[in-house]
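Step one of this worksheet: look at the structure below.
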Amino acid sequence: MDEKTIFITGANGQLGTALRRKYPGAQFADIDELDITLEESVNKYDWSNIKVILNAAAYTNVDGAETPEGRVASWKVNAKAVGYLSATARKNDITLVHISSDYVFDGTKSMHKEDEYLSPLSVYGSSKAAGDLIVGTLPKHYVLRTSWVIGEGKNFVRTMLEIGKKGINPKVVSDQIGRLTFTSELVRAIDHLLSTNAPYGAYNISNDGETASWALITKKIYEMAGLKNTVTDTTTDDYFTGKENIAPRPLQSSLDLTKIHSAGFTSVDWESELKRYIEKENE
Ligand SMILES: NC(=O)c1ccc[n+]([C@@H]2O[C@H](COP(=O)([O-])OP(=O)(O)OC[C@H]3O[C@@H](n4cnc5c(N)ncnc54)[C@H](OP(=O)(O)O)[C@@H]3O)[C@@H](O)[C@H]2O)c1
C-alpha cells in the first residue's frame with residue numbers, strides 16, 4: 001500500500017500517534033489542521049490522491065459527554081463529523097477505517113460479537129453507535145470495535161503507575177470486565193485488514209488473553225512494575241457514589257475475536273504487551 005494515499009484524522013491522539021509511526025509517509029491532521037466537525041473544511045480538503053481514511057479522531061471524554069456541552073461535542077465529533085467523512089469517502093471512492101467502542105453495548109453479554117444489537121448506555125456510547133451506523137452504509141469500510149485503549153497519552157496504565165509511584169493504594173473497580181487494547185494491536189489489525197483486502201465490515205479488536213477486571217489489571221501493573229502498592233476491589237456503583245455527570249459503563253466489555261482471527265490475524269496477549277509497555281515506561 002502506498003502510504004502517501006493514507007490520511008489519518010485525530011493524528012495527535014493515542015491511536016493517531018501510533019498510526020503516524022506505522023505510516024510515516026501518510027498525510028495526517030488533528031483538530032488544528034482539519035476539524036472534522038466543519039463540513040466545509042472536510043469538503044475543501046484535496047482528497048484526490050487519498051485511497052484510505054483512518055479516522056482516529058473522536059470525542060473520548062466518556063463522563064464529559066454527560067454534561068450539556070459535552071453531549072453536543074460528543075455527537076458532533078462521533079456522529080455528525082463521521083457523516084461528513086463518510087460522504088467524502090463515498091464521493092471519492094475511499095475506504096473509511098473507523099474506530100468504534102465496547103460502549104456501544106450495554107455490557108450484559110459476557111462476550112460481544114460483531115453482530116450484537118447496539119444498546120449503548122451513555123451519551124458517548126450512543127454517539128459512537130450512531131457513527132457505526134453511518135459508516136456501515138459505505139461500500140468500502142472497516143469498523144473496528146475496540147476496548148480499553150492504551151497507547152501514548154493519558155490512559156489507565158499510566159494513571160495507575162503514576163499514583164502507584166506516589167505511594168497511593170488505590171481502590172479499583174472489580175466488576176467491569178474486559179481486555180486491554182494496546183494501540184500496537186489496533187495498528188497491526190488495521191494494517192492486516194487493509195493489506196490482505198479482508199472483506200469489508202465490522203471487526204472486533206482487543207488484545208487476546210484472559211478477561212480481567214480493572215482491579216486485577218491494576219494488580220498486574222504493580223506486580224510487573226515492581227511496586228508494592230495494594231489494590232482494594234470496589235464496585236462501579238460504590239466508586240462513583242456522590243460524583244456528578246458519571247456515564248453509565250458496560251460491565252462486560254470483552255470482545256469476541258473469532259472474526260478477525262478467521263481473517264488471518266494473529267493476536268498478542270494483553271499481559272505480554274502490558275509487560276513490554278511497562279518496561280518501556282520505566283526506561
Ligand atoms: N480510549 C479508549 O479507551 C477507547 C476505548 C474504546 C474505543 N476507543 C475509540 O478509539 C479511537 C481512538 O481513541 P484514542 O484513545 O486514540 O482517543 P484520543 O487519544 O482521545 O484521540 C482522539 C483525537 O481526536 C482529536 N479530535 C477531537 N475532536 C476532533 C475534531 N473535531 N477534529 C479532528 N480531531 C479531533 C483529539 O484532539 P483533542 O485531544 O485536542 O480533543 C485527539 O487528538 C476513538 O474512536 C475512540 O472512540 C477508545
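So you can find residues: chains in the C-alpha cells are A, B, ... in the order shown, residues in each start at 1, and ligands are numbered from 1 in order.
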
7 Å contact set for region 153-165 of chain A, only C-alpha atoms, chain neighbours under 3 positions out, as a VMD selection string: chain A and resid 14 150 168 to 169 218 229

What would the file look like if the residues just selected were written as a PDB file, in the first residue's frame with N, CA and C atoms?
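After the write, result_4.pdb holds the following:
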ATOM      1  N   GLN A  14      -4.029   8.996  20.979  1.00  0.00           N
ATOM      2  CA  GLN A  14      -3.274   7.756  21.258  1.00  0.00           C
ATOM      3  C   GLN A  14      -3.121   6.913  19.994  1.00  0.00           C
ATOM      4  N   ILE A 150      -4.832   1.571  25.192  1.00  0.00           N
ATOM      5  CA  ILE A 150      -3.612   2.023  25.873  1.00  0.00           C
ATOM      6  C   ILE A 150      -2.555   2.336  24.822  1.00  0.00           C
ATOM      7  N   ILE A 168       0.339   5.821  46.625  1.00  0.00           N
ATOM      8  CA  ILE A 168      -1.106   5.717  46.900  1.00  0.00           C
ATOM      9  C   ILE A 168      -1.554   4.277  46.656  1.00  0.00           C
ATOM     10  N   ASN A 169      -2.428   3.777  47.545  1.00  0.00           N
ATOM     11  CA  ASN A 169      -3.004   2.435  47.363  1.00  0.00           C
ATOM     12  C   ASN A 169      -4.434   2.606  46.849  1.00  0.00           C
ATOM     13  N   THR A 218      -4.850  -3.726  37.509  1.00  0.00           N
ATOM     14  CA  THR A 218      -4.015  -2.827  38.330  1.00  0.00           C
ATOM     15  C   THR A 218      -3.024  -3.640  39.165  1.00  0.00           C
ATOM     16  N   ASN A 229       2.377  -1.520  46.042  1.00  0.00           N
ATOM     17  CA  ASN A 229       1.068  -0.954  46.419  1.00  0.00           C
ATOM     18  C   ASN A 229      -0.002  -2.039  46.517  1.00  0.00           C
TER      19      ASN A 229
END

Go through chain A and flag each residue having an atom no more than 9 Å from ligand 1; for those, report the closest pair of atoms plus their distance in Å to one decimal, using only C-alpha atoms and all ligand atoms, ordered by chain and rising number, as a Markdown table.
| residue | atom | partner | partner_atom_place_in_ligand_line | distance |
| --- | --- | --- | --- | --- |
| A:Thr9 | CA | ligand 1 | 33 (C) | 6.0 |
| A:Gly10 | CA | ligand 1 | 24 (O) | 3.7 |
| A:Ala11 | CA | ligand 1 | 43 (O) | 5.9 |
| A:Asn12 | CA | ligand 1 | 43 (O) | 4.2 |
| A:Gly13 | CA | ligand 1 | 21 (O) | 3.2 |
| A:Gln14 | CA | ligand 1 | 16 (O) | 3.6 |
| A:Leu15 | CA | ligand 1 | 16 (O) | 3.8 |
| A:Gly16 | CA | ligand 1 | 16 (O) | 6.0 |
| A:Thr17 | CA | ligand 1 | 16 (O) | 7.8 |
| A:Ala18 | CA | ligand 1 | 16 (O) | 8.6 |
| A:Ala29 | CA | ligand 1 | 33 (C) | 7.2 |
| A:Asp30 | CA | ligand 1 | 34 (N) | 4.5 |
| A:Ile31 | CA | ligand 1 | 33 (C) | 3.6 |
| A:Asp32 | CA | ligand 1 | 33 (C) | 7.3 |
| A:Glu33 | CA | ligand 1 | 33 (C) | 7.9 |
| A:Leu34 | CA | ligand 1 | 33 (C) | 5.8 |
| A:Asp35 | CA | ligand 1 | 32 (N) | 3.6 |
| A:Ile36 | CA | ligand 1 | 32 (N) | 4.1 |
| A:Thr37 | CA | ligand 1 | 31 (N) | 4.8 |
| A:Leu38 | CA | ligand 1 | 31 (N) | 7.6 |
| A:Asn55 | CA | ligand 1 | 45 (O) | 7.2 |
| A:Ala56 | CA | ligand 1 | 12 (C) | 5.0 |
| A:Ala57 | CA | ligand 1 | 24 (O) | 3.3 |
| A:Ala58 | CA | ligand 1 | 24 (O) | 4.5 |
| A:Tyr59 | CA | ligand 1 | 27 (C) | 5.1 |
| A:Thr60 | CA | ligand 1 | 20 (O) | 4.9 |
| A:Asn61 | CA | ligand 1 | 20 (O) | 7.3 |
| A:Ala73 | CA | ligand 1 | 28 (N) | 8.2 |
| A:Ser74 | CA | ligand 1 | 28 (N) | 8.6 |
| A:Lys76 | CA | ligand 1 | 31 (N) | 7.6 |
| A:Val77 | CA | ligand 1 | 31 (N) | 5.2 |
| A:Asn78 | CA | ligand 1 | 47 (O) | 7.6 |
| A:Ala81 | CA | ligand 1 | 31 (N) | 7.3 |
| A:His98 | CA | ligand 1 | 45 (O) | 7.0 |
| A:Ile99 | CA | ligand 1 | 45 (O) | 4.4 |
| A:Ser100 | CA | ligand 1 | 7 (C) | 5.3 |
| A:Ser101 | CA | ligand 1 | 7 (C) | 3.8 |
| A:Asp102 | CA | ligand 1 | 6 (C) | 5.9 |
| A:Tyr103 | CA | ligand 1 | 6 (C) | 7.1 |
| A:Tyr124 | CA | ligand 1 | 47 (O) | 8.3 |
| A:Gly125 | CA | ligand 1 | 47 (O) | 8.7 |
| A:Lys128 | CA | ligand 1 | 47 (O) | 6.8 |
| A:Leu144 | CA | ligand 1 | 10 (O) | 8.6 |
| A:Arg145 | CA | ligand 1 | 7 (C) | 6.7 |
| A:Thr146 | CA | ligand 1 | 6 (C) | 4.8 |
| A:Ser147 | CA | ligand 1 | 6 (C) | 3.9 |
| A:Trp148 | CA | ligand 1 | 3 (O) | 3.8 |
| A:Val149 | CA | ligand 1 | 3 (O) | 3.9 |
| A:Ile150 | CA | ligand 1 | 3 (O) | 6.8 |
| A:Gly151 | CA | ligand 1 | 15 (O) | 7.4 |
| A:Glu152 | CA | ligand 1 | 19 (O) | 7.9 |
| A:Gly153 | CA | ligand 1 | 19 (O) | 6.3 |
| A:Lys154 | CA | ligand 1 | 19 (O) | 7.4 |
| A:Asn155 | CA | ligand 1 | 1 (N) | 7.1 |
| A:Phe156 | CA | ligand 1 | 3 (O) | 8.3 |
| A:Leu180 | CA | ligand 1 | 3 (O) | 8.4 |
| A:Thr181 | CA | ligand 1 | 3 (O) | 8.0 |
| A:Thr183 | CA | ligand 1 | 16 (O) | 7.8 |

Residue nearest His112 (chain A) among A:Asn204, A:Thr236, A:Thr5, A:Ser267 (counting only C-alpha atoms):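 Closest residue, counting only C-alpha atoms: A:Asn204.
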
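Across A:Glu223, A:Leu54, A:Met111, A:Val172, the tightest approach to Glu210 (chain A) is made by A:Met111 when counting only C-alpha atoms.
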
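In this structure, CA of Ala212 (chain A) sits 26.0 Å away from CA of Asn245 (chain A).
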
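Here CA of Ala198 (chain A) is placed at a distance of 10.1 Å from CA of Ser262 (chain A).
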
Rounded to one decimal place, report the CA of Asn92 (chain A)-CA of Trp47 (chain A) distance in Å.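 CA of Trp47 (chain A) lies at a distance of 7.1 Å from CA of Asn92 (chain A).
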
Pick out each residue of region 2-55 of chain A that DSSP on the backbone tags as alpha helix (DSSP H); I need them as number ranges by chain. A: 14-22, 39-44

Quick one: everything within 12 Å of Thr258 (chain A), counting only C-alpha atoms, minus sequence neighbours fewer than 3 positions away in the same chain. Send it as a PyMOL selection string. chain A and resi 111-114+203-206+208+255+261-267

Take the residues just selected and output them with C-alpha atoms as a compact mmCIF listing (two decimals), in the first residue's frame.
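part.txt written:
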# COMPACT_ATOMS: atom_id res chain seq x y z
CA MET A 111 -18.56 -11.66 25.16
CA HIS A 112 -19.59 -9.26 22.41
CA LYS A 113 -19.79 -10.41 18.80
CA GLU A 114 -19.78 -8.00 15.86
CA TYR A 203 -14.38 -6.36 13.26
CA ASN A 204 -13.70 -6.60 16.97
CA ILE A 205 -10.16 -5.95 18.07
CA SER A 206 -8.55 -6.04 21.50
CA ASP A 208 -6.23 -11.52 23.45
CA LEU A 255 -14.86 -8.56 22.56
CA HIS A 261 -8.79 -14.45 13.64
CA SER A 262 -10.75 -16.02 10.78
CA ALA A 263 -9.45 -13.19 8.60
CA GLY A 264 -5.92 -14.44 9.33
CA PHE A 265 -4.96 -12.04 12.13
CA THR A 266 -2.80 -13.40 14.96
CA SER A 267 -3.41 -11.73 18.32

Which residue of A:Ala202, A:Val187, A:Leu251, A:Leu19 approaches Ser174 (chain A) most closely, using only C-alpha atoms: A:Leu251

Quick one: residues within 10 Å of Glu273 (chain A), only C-alpha atoms counted, chain neighbours fewer than 2 positions away excluded, as a list in words?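 After dropping sequence-adjacent residues, the list is Leu180, Thr181, Phe182, Ser184, Glu185, Asn207, Asp208, Val268, Asp269, Trp270, Glu271, Lys275, Arg276, Tyr277, Ile278 and Glu279 of chain A.
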
Name the residues of region 203-245 of chain A that fall into strand (DSSP E) according to DSSP on the backbone, using the chain letters and numbers of this document, as a ChimeraX atom specification. /A:203-204,212-213,232-234

Could you list, as a ChimeraX atom specification, every residue within 8 Å of Leu96 (chain A), counting only C-alpha atoms and ignoring same-chain residues fewer than 4 positions away? /A:52-55,85-86,89,135,140-142

Which residues are close to Lys171 (chain A), i.e. within 6 Å by only C-alpha atoms, leaving aside same-chain residues fewer than 2 positions away? Reply as a CSV table (one decimal) with C-alpha atoms, in the first residue's frame.
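Generated output (selection_8.csv):
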chain,number,residue,atom,x,y,z
A,231,VAL,CA,-5.2,-2.6,45.4
A,232,THR,CA,-8.7,-2.7,47.0
A,233,ASP,CA,-11.5,-4.0,45.0
